[in-house]
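Notes follow once the structure below has been shown.
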Amino acid sequence: MTETTITEKKKEKPIKWREMAFEERPVLAAGHRLCAGCAAPLVVKFTMMATEDPSICVSSTGCLEVSTTIYPYTAWQTPWVHCAFENAAAVASGIEAGLKALMRKNKIPKRKTNVIAFSGDGGTYDIGVQALSGALERGHNLTYVCYDNSAYENTGIQRSGATPYGAATTTSPGGKVIPGKPEFPKDIVKIAAAHDVQYVATVNVAYPKDFIKKIRKALASDDASFIHAFSPCPLGWRADSSLTIRIAELAVETCMYPLYEVDCGEYRLTKMIKKENKVPVEEFLKTQGRFRHLFKPKRRDDIINDTQKWVDWKWQQLLRLCGVKEE
Amino acid sequence: MGEIVGMTGDESIAHAVKLCDPDVIAAYPITPQTIMVERLADFVYDGELDSEFIPVESEHSAMSCCYGSSIAGARVFTASASQGIALMFEILFIVSNARLPVVMGVANRALSAPINIHAGLEDQLVCRDTGWISIFCHDCQSAYDTTIMAFKIAEDKEVSLPLMYGIDAFIISHALEGVETLEKREVEDFLPPRDPLYVLDPDDPISVGSLALQDSYYELKYAQEQVMINSMKTIKKVQEEFGELTGRYYNVINTYYAEDADVILVTQGAITGTARTVVDRYRRQGKKLGLAQVHVYRPFPEKELRDALKGAKVAATIDRSITFGAPGPILYSDVKVTTSNGGPIIQGFIAGLGGRDVRIEDIAKVADRAFETAKTGEEPSKISWVGVRGVEF
Ligand SMILES: Cc1ncc(C[n+]2csc(CCOP(=O)(O)OP(=O)(O)O)c2C)c(N)n1
Ligand code: SF4
Ligand SMILES: [Mg+2]
């Protein structure tokens with residue numbers, strides 16, 4: 001328990017966008033093999049742009065990992081390790097504990113070192129949720145970033161606990177009887193927040209300033225932090241690769257993937273969408289081939305309306321938690 | 001040299017680990033390993049040991065934490081058994097391929113199902129292909145001593161591999177024995193601080209755990225195997241140095257009256273002690289029985305085993321493990337392959353699964369069988385199960 005929130009503790013440094021863009025930050029070198037339009041490298045880039053101290057990165061098995069480190073090459077310009085699919089949080093815990101012990105025992109020089117884990121939605125919501133929960137509960141000083149592309153993209157677009165309702169994946173196809181994924185996604189952000197860690201937030205590649213501010217807060221916390229990063233996947237979502245940022249904006253404007261933070265237990269909306277500006281979810285769904293079966297050959301109003309109802313319900317829930325009244 | 005202290009197998013491991021001053025301990029409790037972890041927690045919580053104690057939520061995470069801490073350059077210890085080893089199995093291969101010296105104590109327990117908490121070596125034996133150095137101890141003293149040697153072997157730069165060592169569930173883990181202890185200063189002199197093979201340095205970044213495909217995986221595995229084979233040299237060197245320090249000399253194959261024996265019992269773990277008693281009895285009766293304990297199991301001491309078995313007519317392997325539908329259990333198979341170009345007849349026995357008592361009479365029966373085989377010179381066609389109710393031996 002802390003008396004002051006991270007936001008109060010961490011004096012905000014202005015984000016000088018132009019300067020940052022030209023700064024030679026050792027992050028991901030060009031030549032990695034992620035798809036054109038993939039948001040995952042942006043998630044890494046914005047996260048690392050926010051760092052002010054040296055960092056060690058961990059990845060779980062998935063698109064980001066396989067596409068950036070094809071032996072003998074690597075795109076990572078910061079120390080990076082991959083172990084397995086479900087254990088990024090545990091590996092990061094081990095690194096953090098190791099560094100802590102070695103520094104305490106004067107075996108290595110003392111310096112603040114960020115430990116940052118990047119894991120997909122599969123590696124976070126599903127197979128890795130136990131390791132994540134353990135790390136959050138133990139409160140290691142690490143930042144866990146889930147890049148959510150809403151499916152197991154690396155193995156060929158299978159459904160995950162993050163896949164939206166009605167979305168077609170290779171294991172929840174838009175079938176004649178069952179039109180896409182029959183379940184709504186689980187709320188991993190609330191699951192993380194339920195561990196009462198100091199800082200949990202959602203970020204989105206279309207809102208880089210908000211993204212960087214939140215990562216800075218996550219890194220400033222001396223607890224485990226959890227970041228949910230919405231991460232469009234043109235290949236798996238069957239979307240035009242030039243639309244990545246537009247889709248990311250729509251995710252926020254429809255309130256399907258709202259931007260907020262939970263700072264020492266306080267829910268705070270960081271991007272309010274006024275009632276009159278709220279875009280119908282249909283606009284989001286229409287941009288992606290994974291929802292095409294909801295529009296053609298026959299329009300599935302039932303699924304579209306249920307999605308809208310669910311989004312509205314979750315949004316109202318969030319507004320209440322944030323103490324915001326909709327006029 | 002320290003005093004003699006009464007300790008169980010678990011306690012002797014915990015006390016020896018304390019002397020080795022690990023930086024990180026990440027472990028999850030499972031009977032009958034629990035006392036190792038509980039004692040270490042006591043040491044840390046009472047300020048007697050300066051380690052990060054990570055109370056992980058599973059063995060899978062225990063091994064994953066060990067991976068992370070070891071890659072950060074820390075000295076790392078964990079302990080497990082049975083289901084716990086099965087749960088961390090996936091990560092064992094990854095730790096060894098990354099050349100990370102993690103040390104793991106194992107209270108060798110039978111695998112489920114049916115669930116059982118007693119002795120069985122299969123939890124560790126099935127890890128034979130994981131790329132870990134693997135050692136089986138036979139009493140509390142060897143558990144204590146092996147702990148101290150384990151860190152030195154695993155962390156040696158020529159080796160830099162993970163190492164697991166086992167003690168039979170309850171039979172050793174909970175048996176109280178007098179253990180000759182070492183002093184902190186002696187262990188400090190014996191065991192240098194860890195000097196890692198590589199480090200994660202933000203000023204000189206490297207990537208570990210890359211995707212290696214058809215063009216490189218094969219060569220990388222060949223290289224890994226060379227390291228494993230070469231580790232035998234270091235293991236022997238450390239055993240020798242430990243002998244000089246303590247007067248207790250260990251070998252990769254520990255023999256007992258093997259030189260002139262007609263029949264040699266080949267054992268691992270706690271059964272070794274009982275087998276020694278049988279050898280003593282038979283020797284008193286003038287029967288040429290000997291013993292070869294496979295102490296270091298991976299890398300497998302082929303040459304040393306062949307030398308030990310050289311003069312014998314029959315080698316009787318006793319496996320406290322089972323592998324279904326195979327030509328024979330695991331130890332048997334390794335011994336058989338090792339001696340396939342000449343050597344004694346290998347006769348395979350299974351005994352003591354699920355902690356069933358393996359008594360002096362049981363081992364005597366094995367010896368008698370082997371002497372019969374020595375007389376006829378005929379290789380038996382099947383593996384015999386010692387003392388299974390309802391099955392003729
Ligand atoms: C234990 C285990 N089970 C299954 C797999 C196969 N696998 C590798 S990556 C992956 C999906 C990754 O999904 P996610 O975490 O969402 O990352 P993405 O590829 O979508 O970026 C799966 C199922 C594995 N590597 N390990
Ligand atoms: S499949 Fe999707 S997540 Fe994977 S690299 Fe391509 S766009 Fe990115
Ligand atoms: Mg995914």
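Residues are named by chain letter and number: chains run A, B, ... in the order of the structure tokens, numbers start at 1 in each chain, and ligands are numbered from 1 in the order shown.
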Inset, instruction - Write out as an NGL selection string each polymer residue whose atoms come within 7 Å of stretch 131-140 of chain B, counting only C-alpha atoms; drop sequence neighbours fewer than 5 positions from it. - result: :B and (8-9 or 12 or 93 or 96 or 161-167 or 172 or 177 or 179 or 268-270 or 272-273 or 295-299)
Keeping only C-alpha atoms, take the residues you just selected and write them out as a PDB file, in the first residue's frame.
ATOM      1  CA  THR B   8      18.397 -35.903   7.420  1.00  0.00           C
ATOM      2  CA  GLY B   9      19.154 -35.958   3.712  1.00  0.00           C
ATOM      3  CA  SER B  12      22.149 -31.977   4.889  1.00  0.00           C
ATOM      4  CA  PHE B  93      16.160 -28.365 -21.845  1.00  0.00           C
ATOM      5  CA  SER B  96      21.051 -26.475 -20.389  1.00  0.00           C
ATOM      6  CA  LEU B 161      25.809 -26.536 -17.310  1.00  0.00           C
ATOM      7  CA  PRO B 162      22.917 -27.197 -14.936  1.00  0.00           C
ATOM      8  CA  LEU B 163      23.282 -30.081 -12.519  1.00  0.00           C
ATOM      9  CA  MET B 164      20.692 -32.177 -10.684  1.00  0.00           C
ATOM     10  CA  TYR B 165      21.473 -34.633  -7.949  1.00  0.00           C
ATOM     11  CA  GLY B 166      19.102 -36.968  -6.202  1.00  0.00           C
ATOM     12  CA  ILE B 167      18.446 -38.659  -2.908  1.00  0.00           C
ATOM     13  CA  ILE B 172      17.556 -40.724   2.405  1.00  0.00           C
ATOM     14  CA  GLU B 177      22.516 -39.843   9.827  1.00  0.00           C
ATOM     15  CA  VAL B 179      27.131 -36.033   8.608  1.00  0.00           C
ATOM     16  CA  GLN B 268      22.056 -46.226  -7.997  1.00  0.00           C
ATOM     17  CA  GLY B 269      20.875 -44.306  -4.970  1.00  0.00           C
ATOM     18  CA  ALA B 270      19.926 -45.765  -1.613  1.00  0.00           C
ATOM     19  CA  THR B 272      23.643 -49.084  -2.961  1.00  0.00           C
ATOM     20  CA  GLY B 273      23.925 -49.147   0.814  1.00  0.00           C
ATOM     21  CA  HIS B 295      27.056 -42.267  -9.076  1.00  0.00           C
ATOM     22  CA  VAL B 296      27.381 -39.859 -11.980  1.00  0.00           C
ATOM     23  CA  TYR B 297      24.686 -40.750 -14.456  1.00  0.00           C
ATOM     24  CA  ARG B 298      24.988 -37.952 -17.048  1.00  0.00           C
ATOM     25  CA  PRO B 299      27.471 -37.705 -18.625  1.00  0.00           C
TER      26      PRO B 299
END
Legend entry - Long-range neighbours of A:Tyr257 as a list in words, 10 Å cut-off, only C-alpha atoms, 3 positions minimum in chain: Thr202, Val203, Asn204, His228, Ala229, Phe230, Ala248, Glu249, Leu250, Ala251, Val252, Glu253, Thr254, Tyr260, Val311, Lys314 and Trp315 of chain A
Go ahead and save the picked residues with N, CA, C and O atoms, as a PDB file, in the first residue's frame.
ATOM      1  N   THR A 202      -3.577   0.616 -19.697  1.00  0.00           N
ATOM      2  CA  THR A 202      -3.725   0.204 -21.095  1.00  0.00           C
ATOM      3  C   THR A 202      -3.068   1.275 -21.962  1.00  0.00           C
ATOM      4  O   THR A 202      -3.125   2.466 -21.646  1.00  0.00           O
ATOM      5  N   VAL A 203      -2.430   0.832 -23.036  1.00  0.00           N
ATOM      6  CA  VAL A 203      -1.812   1.764 -23.977  1.00  0.00           C
ATOM      7  C   VAL A 203      -2.184   1.349 -25.398  1.00  0.00           C
ATOM      8  O   VAL A 203      -2.687   0.235 -25.614  1.00  0.00           O
ATOM      9  N   ASN A 204      -1.903   2.252 -26.324  1.00  0.00           N
ATOM     10  CA  ASN A 204      -2.322   2.016 -27.697  1.00  0.00           C
ATOM     11  C   ASN A 204      -1.334   2.732 -28.617  1.00  0.00           C
ATOM     12  O   ASN A 204      -0.983   3.891 -28.358  1.00  0.00           O
ATOM     13  N   HIS A 228      -1.177  -3.238 -20.754  1.00  0.00           N
ATOM     14  CA  HIS A 228      -1.866  -3.888 -21.862  1.00  0.00           C
ATOM     15  C   HIS A 228      -1.725  -3.000 -23.092  1.00  0.00           C
ATOM     16  O   HIS A 228      -2.180  -1.849 -23.088  1.00  0.00           O
ATOM     17  N   ALA A 229      -1.073  -3.514 -24.135  1.00  0.00           N
ATOM     18  CA  ALA A 229      -0.859  -2.715 -25.342  1.00  0.00           C
ATOM     19  C   ALA A 229      -1.672  -3.298 -26.491  1.00  0.00           C
ATOM     20  O   ALA A 229      -1.429  -4.431 -26.922  1.00  0.00           O
ATOM     21  N   PHE A 230      -2.617  -2.520 -26.955  1.00  0.00           N
ATOM     22  CA  PHE A 230      -3.436  -2.954 -28.090  1.00  0.00           C
ATOM     23  C   PHE A 230      -2.537  -2.966 -29.328  1.00  0.00           C
ATOM     24  O   PHE A 230      -1.871  -1.992 -29.637  1.00  0.00           O
ATOM     25  N   ALA A 248      -6.291   1.147 -34.660  1.00  0.00           N
ATOM     26  CA  ALA A 248      -5.945   1.369 -33.251  1.00  0.00           C
ATOM     27  C   ALA A 248      -6.739   2.549 -32.679  1.00  0.00           C
ATOM     28  O   ALA A 248      -7.203   2.511 -31.541  1.00  0.00           O
ATOM     29  N   GLU A 249      -6.911   3.583 -33.492  1.00  0.00           N
ATOM     30  CA  GLU A 249      -7.721   4.734 -33.042  1.00  0.00           C
ATOM     31  C   GLU A 249      -9.173   4.309 -32.831  1.00  0.00           C
ATOM     32  O   GLU A 249      -9.798   4.658 -31.830  1.00  0.00           O
ATOM     33  N   LEU A 250      -9.687   3.557 -33.803  1.00  0.00           N
ATOM     34  CA  LEU A 250     -11.083   3.110 -33.702  1.00  0.00           C
ATOM     35  C   LEU A 250     -11.322   2.258 -32.452  1.00  0.00           C
ATOM     36  O   LEU A 250     -12.393   2.307 -31.847  1.00  0.00           O
ATOM     37  N   ALA A 251     -10.304   1.497 -32.086  1.00  0.00           N
ATOM     38  CA  ALA A 251     -10.435   0.667 -30.889  1.00  0.00           C
ATOM     39  C   ALA A 251     -10.736   1.533 -29.673  1.00  0.00           C
ATOM     40  O   ALA A 251     -11.511   1.145 -28.788  1.00  0.00           O
ATOM     41  N   VAL A 252     -10.134   2.707 -29.637  1.00  0.00           N
ATOM     42  CA  VAL A 252     -10.355   3.636 -28.519  1.00  0.00           C
ATOM     43  C   VAL A 252     -11.657   4.413 -28.723  1.00  0.00           C
ATOM     44  O   VAL A 252     -12.457   4.547 -27.798  1.00  0.00           O
ATOM     45  N   GLU A 253     -11.872   4.893 -29.935  1.00  0.00           N
ATOM     46  CA  GLU A 253     -13.058   5.733 -30.206  1.00  0.00           C
ATOM     47  C   GLU A 253     -14.372   4.968 -30.044  1.00  0.00           C
ATOM     48  O   GLU A 253     -15.407   5.549 -29.740  1.00  0.00           O
ATOM     49  N   THR A 254     -14.328   3.659 -30.276  1.00  0.00           N
ATOM     50  CA  THR A 254     -15.540   2.846 -30.075  1.00  0.00           C
ATOM     51  C   THR A 254     -15.711   2.451 -28.608  1.00  0.00           C
ATOM     52  O   THR A 254     -16.719   1.854 -28.240  1.00  0.00           O
ATOM     53  N   TYR A 260      -6.912   3.744 -20.027  1.00  0.00           N
ATOM     54  CA  TYR A 260      -7.033   4.113 -18.617  1.00  0.00           C
ATOM     55  C   TYR A 260      -5.871   3.547 -17.822  1.00  0.00           C
ATOM     56  O   TYR A 260      -5.050   2.774 -18.354  1.00  0.00           O
ATOM     57  N   VAL A 311     -19.775  -3.860 -25.187  1.00  0.00           N
ATOM     58  CA  VAL A 311     -18.860  -2.714 -25.125  1.00  0.00           C
ATOM     59  C   VAL A 311     -19.474  -1.616 -24.249  1.00  0.00           C
ATOM     60  O   VAL A 311     -18.791  -1.047 -23.386  1.00  0.00           O
ATOM     61  N   LYS A 314     -19.295  -2.668 -20.555  1.00  0.00           N
ATOM     62  CA  LYS A 314     -17.927  -2.566 -20.022  1.00  0.00           C
ATOM     63  C   LYS A 314     -17.531  -1.097 -19.839  1.00  0.00           C
ATOM     64  O   LYS A 314     -16.870  -0.730 -18.873  1.00  0.00           O
ATOM     65  N   TRP A 315     -17.934  -0.274 -20.778  1.00  0.00           N
ATOM     66  CA  TRP A 315     -17.601   1.159 -20.726  1.00  0.00           C
ATOM     67  C   TRP A 315     -18.250   1.819 -19.518  1.00  0.00           C
ATOM     68  O   TRP A 315     -17.611   2.567 -18.773  1.00  0.00           O
TER      69      TRP A 315
END
Inset, instruction - Rank nothing, just name the residue among A:Cys264, A:Cys146, A:Ala168, A:Ile116 nearest to ligand 3, using only C-alpha atoms and all ligand atoms. - result: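 Looking at the shortest contact to ligand 3, the residue is A:Cys146.
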Would you mind listing, for every residue of chain A within 8 Å of chain B, the two atoms forming the shortest contact and the distance between them in Å to one decimal, using only C-alpha atoms, sorted by chain and ascending residue number, as a tab-separated table?
residue	atom	partner	partner_atom	distance
A:Pro54	CA	B:Pro202	CA	5.9
A:Ser55	CA	B:Pro202	CA	6.6
A:Ile56	CA	B:Pro202	CA	7.1
A:Glu65	CA	B:Ser210	CA	7.8
A:Val66	CA	B:Leu211	CA	5.9
A:Thr69	CA	B:Ser210	CA	5.0
A:Ile70	CA	B:Leu211	CA	4.9
A:Tyr71	CA	B:Ala212	CA	5.1
A:Pro72	CA	B:Ala212	CA	7.6
A:Thr74	CA	B:Ser207	CA	6.7
A:Trp76	CA	B:Ser207	CA	7.0
A:Gln77	CA	B:Pro205	CA	6.2
A:Thr78	CA	B:Pro205	CA	5.1
A:Pro79	CA	B:Pro205	CA	4.4
A:Trp80	CA	B:Ser207	CA	4.7
A:Val81	CA	B:Val208	CA	4.7
A:His82	CA	B:Gly209	CA	4.7
A:Cys83	CA	B:Gly209	CA	6.0
A:Ala84	CA	B:Ile91	CA	7.4
A:Asn87	CA	B:Ser64	CA	6.4
A:Ala90	CA	B:Cys65	CA	5.2
A:Val91	CA	B:Gly68	CA	4.5
A:Ala92	CA	B:Gly68	CA	6.2
A:Ser93	CA	B:Cys65	CA	6.0
A:Gly94	CA	B:Cys65	CA	3.9
A:Ile95	CA	B:Gly68	CA	4.4
A:Glu96	CA	B:Ser69	CA	7.3
A:Ala97	CA	B:Glu52	CA	6.1
A:Gly98	CA	B:Ser69	CA	4.4
A:Leu99	CA	B:Ala72	CA	6.2
A:Lys100	CA	B:Glu52	CA	7.8
A:Ala101	CA	B:Asp23	CA	5.6
A:Leu102	CA	B:Ala74	CA	6.6
A:Lys105	CA	B:Asp50	CA	8.0
A:Gln130	CA	B:Glu57	CA	7.6
A:Ala131	CA	B:Ser61	CA	6.2
A:Gly134	CA	B:Glu57	CA	5.6
A:Arg138	CA	B:Pro55	CA	7.9
What does the list of residues within 12 Å of ligand 2 look like if you count only C-alpha atoms and all ligand atoms, written as a short mmCIF file (atom, residue, chain, number, x, y, z; two decimals) with N, CA, C and O atoms, in the first residue's frame?
data_model
loop_
_atom_site.label_atom_id
_atom_site.label_comp_id
_atom_site.auth_asym_id
_atom_site.auth_seq_id
_atom_site.Cartn_x
_atom_site.Cartn_y
_atom_site.Cartn_z
N HIS A 32 14.23 -6.73 -39.05
CA HIS A 32 13.48 -7.82 -38.41
C HIS A 32 12.38 -8.26 -39.37
O HIS A 32 12.09 -7.59 -40.36
N ARG A 33 11.77 -9.40 -39.07
CA ARG A 33 10.86 -9.95 -40.08
C ARG A 33 9.40 -9.94 -39.67
O ARG A 33 8.62 -10.78 -40.09
N LEU A 34 9.04 -9.00 -38.81
CA LEU A 34 7.62 -8.84 -38.50
C LEU A 34 6.93 -8.29 -39.76
O LEU A 34 7.55 -7.59 -40.56
N CYS A 35 5.65 -8.61 -39.92
CA CYS A 35 4.92 -8.20 -41.13
C CYS A 35 4.88 -6.67 -41.26
O CYS A 35 4.91 -5.96 -40.26
N ALA A 36 4.72 -6.23 -42.49
CA ALA A 36 4.48 -4.80 -42.72
C ALA A 36 3.20 -4.41 -41.99
O ALA A 36 2.21 -5.14 -42.06
N GLY A 37 3.22 -3.30 -41.30
CA GLY A 37 2.01 -2.84 -40.62
C GLY A 37 1.78 -3.47 -39.27
O GLY A 37 0.82 -3.13 -38.58
N CYS A 38 2.65 -4.37 -38.85
CA CYS A 38 2.50 -5.00 -37.54
C CYS A 38 2.75 -3.96 -36.44
O CYS A 38 3.72 -3.21 -36.50
N ALA A 39 1.90 -3.95 -35.44
CA ALA A 39 2.07 -2.96 -34.38
C ALA A 39 3.05 -3.41 -33.30
O ALA A 39 3.52 -2.58 -32.51
N ALA A 40 3.38 -4.69 -33.27
CA ALA A 40 4.24 -5.19 -32.18
C ALA A 40 5.57 -4.43 -32.08
O ALA A 40 5.97 -4.05 -30.97
N PRO A 41 6.27 -4.18 -33.20
CA PRO A 41 7.54 -3.44 -33.05
C PRO A 41 7.33 -2.01 -32.54
O PRO A 41 8.21 -1.45 -31.90
N LEU A 42 6.16 -1.45 -32.83
CA LEU A 42 5.87 -0.10 -32.29
C LEU A 42 5.70 -0.17 -30.78
O LEU A 42 6.12 0.74 -30.05
N VAL A 43 5.07 -1.24 -30.32
CA VAL A 43 4.90 -1.42 -28.87
C VAL A 43 6.29 -1.45 -28.21
O VAL A 43 6.52 -0.79 -27.19
N THR A 61 7.61 -16.82 -26.29
CA THR A 61 7.50 -17.34 -27.65
C THR A 61 6.30 -16.70 -28.34
O THR A 61 5.23 -16.59 -27.74
N GLY A 62 6.48 -16.31 -29.57
CA GLY A 62 5.39 -15.66 -30.31
C GLY A 62 5.97 -14.89 -31.47
O GLY A 62 7.19 -14.90 -31.70
N CYS A 63 5.11 -14.17 -32.17
CA CYS A 63 5.54 -13.42 -33.36
C CYS A 63 6.76 -12.54 -33.10
O CYS A 63 7.73 -12.57 -33.85
N LEU A 64 6.67 -11.74 -32.04
CA LEU A 64 7.75 -10.79 -31.77
C LEU A 64 9.08 -11.51 -31.61
O LEU A 64 10.10 -11.10 -32.16
N GLU A 65 9.05 -12.59 -30.89
CA GLU A 65 10.28 -13.34 -30.60
C GLU A 65 10.84 -14.00 -31.87
O GLU A 65 11.99 -13.79 -32.23
N VAL A 66 10.00 -14.76 -32.56
CA VAL A 66 10.54 -15.51 -33.72
C VAL A 66 10.99 -14.57 -34.84
O VAL A 66 11.90 -14.90 -35.59
N SER A 67 10.35 -13.42 -34.94
CA SER A 67 10.66 -12.56 -36.09
C SER A 67 11.83 -11.61 -35.84
O SER A 67 12.32 -10.99 -36.76
N THR A 68 12.26 -11.50 -34.59
CA THR A 68 13.33 -10.54 -34.31
C THR A 68 14.67 -11.20 -34.01
O THR A 68 15.69 -10.53 -33.95
N SER A 119 5.16 -9.89 -23.93
CA SER A 119 4.52 -11.18 -24.18
C SER A 119 3.21 -10.95 -24.93
O SER A 119 2.53 -9.94 -24.72
N GLY A 120 2.87 -11.89 -25.79
CA GLY A 120 1.63 -11.79 -26.55
C GLY A 120 0.42 -12.05 -25.66
O GLY A 120 0.54 -12.35 -24.47
N ASP A 121 -0.76 -11.94 -26.26
CA ASP A 121 -1.97 -12.21 -25.49
C ASP A 121 -2.06 -13.69 -25.13
O ASP A 121 -2.49 -14.03 -24.02
N GLY A 122 -1.60 -14.55 -26.01
CA GLY A 122 -1.60 -15.98 -25.68
C GLY A 122 -0.72 -16.25 -24.48
O GLY A 122 -1.10 -16.95 -23.53
N TYR A 147 1.53 -7.37 -25.51
CA TYR A 147 1.09 -6.82 -26.80
C TYR A 147 -0.04 -7.72 -27.30
O TYR A 147 0.14 -8.88 -27.58
N ASP A 148 -1.21 -7.14 -27.30
CA ASP A 148 -2.43 -7.93 -27.55
C ASP A 148 -2.84 -7.82 -29.02
O ASP A 148 -3.41 -6.81 -29.44
N ASN A 149 -2.51 -8.86 -29.78
CA ASN A 149 -2.99 -8.92 -31.16
C ASN A 149 -4.15 -9.91 -31.25
O ASN A 149 -4.54 -10.36 -32.32
N SER A 150 -4.65 -10.27 -30.09
CA SER A 150 -5.94 -10.98 -29.97
C SER A 150 -6.02 -12.34 -30.63
O SER A 150 -7.10 -12.77 -31.03
N ALA A 151 -4.90 -13.01 -30.75
CA ALA A 151 -4.90 -14.41 -31.22
C ALA A 151 -3.48 -14.96 -31.11
O ALA A 151 -2.54 -14.23 -30.84
N TYR A 152 -3.36 -16.26 -31.30
CA TYR A 152 -2.04 -16.89 -31.41
C TYR A 152 -1.60 -16.70 -32.85
O TYR A 152 -1.80 -17.56 -33.69
N GLU A 153 -1.01 -15.55 -33.13
CA GLU A 153 -0.68 -15.23 -34.52
C GLU A 153 0.45 -16.10 -35.03
O GLU A 153 0.43 -16.59 -36.16
N ASN A 154 1.44 -16.29 -34.18
CA ASN A 154 2.64 -17.00 -34.60
C ASN A 154 2.36 -18.41 -35.10
O ASN A 154 3.01 -18.91 -36.00
N THR A 155 1.40 -19.08 -34.50
CA THR A 155 1.12 -20.46 -34.88
C THR A 155 0.00 -20.55 -35.91
O THR A 155 -0.48 -21.64 -36.19
N GLY A 156 -0.43 -19.41 -36.42
CA GLY A 156 -1.42 -19.45 -37.49
C GLY A 156 -2.80 -18.98 -37.09
O GLY A 156 -3.81 -19.54 -37.52
N ILE A 157 -2.85 -17.92 -36.26
CA ILE A 157 -4.10 -17.21 -35.97
C ILE A 157 -5.15 -18.08 -35.28
O ILE A 157 -6.29 -18.19 -35.75
N GLN A 158 -4.79 -18.74 -34.19
CA GLN A 158 -5.79 -19.46 -33.41
C GLN A 158 -6.38 -18.53 -32.34
O GLN A 158 -5.73 -17.57 -31.93
N PHE A 230 -2.62 -2.52 -26.95
CA PHE A 230 -3.44 -2.95 -28.09
C PHE A 230 -2.54 -2.97 -29.33
O PHE A 230 -1.87 -1.99 -29.64
N SER A 231 -2.53 -4.08 -30.05
CA SER A 231 -1.50 -4.26 -31.08
C SER A 231 -2.07 -4.90 -32.36
O SER A 231 -2.04 -6.12 -32.53
N PRO A 232 -2.58 -4.07 -33.28
CA PRO A 232 -3.17 -4.62 -34.49
C PRO A 232 -2.22 -5.52 -35.28
O PRO A 232 -1.01 -5.27 -35.34
N CYS A 233 -2.82 -6.54 -35.88
CA CYS A 233 -2.07 -7.54 -36.64
C CYS A 233 -2.71 -7.66 -38.02
O CYS A 233 -3.72 -8.35 -38.18
N PRO A 234 -2.18 -6.96 -39.01
CA PRO A 234 -2.81 -6.94 -40.32
C PRO A 234 -3.01 -8.35 -40.91
O PRO A 234 -4.03 -8.62 -41.53
N LEU A 235 -2.03 -9.21 -40.68
CA LEU A 235 -2.13 -10.55 -41.27
C LEU A 235 -3.27 -11.35 -40.65
O LEU A 235 -4.13 -11.88 -41.35
N GLY A 236 -3.27 -11.42 -39.35
CA GLY A 236 -4.27 -12.24 -38.66
C GLY A 236 -5.66 -11.64 -38.68
O GLY A 236 -6.66 -12.35 -38.61
N TRP A 237 -5.71 -10.32 -38.76
CA TRP A 237 -7.02 -9.65 -38.72
C TRP A 237 -7.56 -9.42 -40.13
O TRP A 237 -8.64 -8.87 -40.29
N ARG A 238 -6.76 -9.81 -41.08
CA ARG A 238 -7.09 -9.60 -42.50
C ARG A 238 -7.49 -8.14 -42.71
O ARG A 238 -8.60 -7.81 -43.12
N ALA A 239 -6.53 -7.29 -42.38
CA ALA A 239 -6.75 -5.85 -42.50
C ALA A 239 -5.66 -5.25 -43.37
O ALA A 239 -4.54 -5.80 -43.43
N ASP A 240 -5.96 -4.16 -43.99
CA ASP A 240 -4.98 -3.48 -44.82
C ASP A 240 -3.84 -2.98 -43.93
O ASP A 240 -4.09 -2.35 -42.90
N SER A 241 -2.60 -3.26 -44.33
CA SER A 241 -1.48 -2.92 -43.44
C SER A 241 -1.30 -1.41 -43.29
O SER A 241 -0.62 -0.96 -42.38
N SER A 242 -1.92 -0.64 -44.17
CA SER A 242 -1.82 0.82 -44.02
C SER A 242 -2.82 1.34 -42.98
O SER A 242 -2.81 2.51 -42.62
N LEU A 243 -3.70 0.47 -42.51
CA LEU A 243 -4.76 0.90 -41.59
C LEU A 243 -4.45 0.67 -40.11
O LEU A 243 -5.28 0.93 -39.25
N THR A 244 -3.27 0.14 -39.82
CA THR A 244 -2.93 -0.23 -38.44
C THR A 244 -3.27 0.88 -37.44
O THR A 244 -3.96 0.64 -36.44
#
Inset, instruction - Name the closest residue to ligand 1 among the candidates A:Thr163, A:Thr307, A:Thr113, A:Asn106; distances are taken between atoms, counting only C-alpha atoms and all ligand atoms. - result: A:Thr163
Legend entry - Best match for closeness to ligand 1 among A:Val145, A:Ile108, A:Leu136, A:Val27, counting only C-alpha atoms and all ligand atoms: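 Of the candidates, the smallest distance to ligand 1 is held by A:Val145.
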Legend entry - One-decimal distance in Å that lies between atom CA of B:Arg320 and atom CA of B:Leu291: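 A separation of 16.2 Å between them.
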Which residues are close to stretch 191-195 of chain A, i.e. within 8 Å by only C-alpha atoms, leaving aside same-chain residues fewer than 6 positions away? Reply as a JSON list (two decimals) with C-alpha atoms, in the first residue's frame.
[["chain", "number", "residue", "atom", "x", "y", "z"],
["A", 133, "SER", "CA", -0.11, -13.78, -11.36],
["A", 136, "LEU", "CA", 2.50, -9.66, -9.69],
["A", 137, "GLU", "CA", 1.71, -11.14, -6.30],
["A", 226, "PHE", "CA", 1.29, -4.48, -15.98],
["A", 262, "VAL", "CA", -5.07, 1.96, -12.26],
["A", 265, "GLY", "CA", -5.87, 1.40, -6.75]]
Inset, instruction - Return as a PyMOL selection string the full set of residues in stretch 10-187 of chain B whose backbone-based DSSP assignment is strand (DSSP E or B). - result: chain B and resi 24-26+52-54+76-80+102-109+119+133-136+163-168+177-180
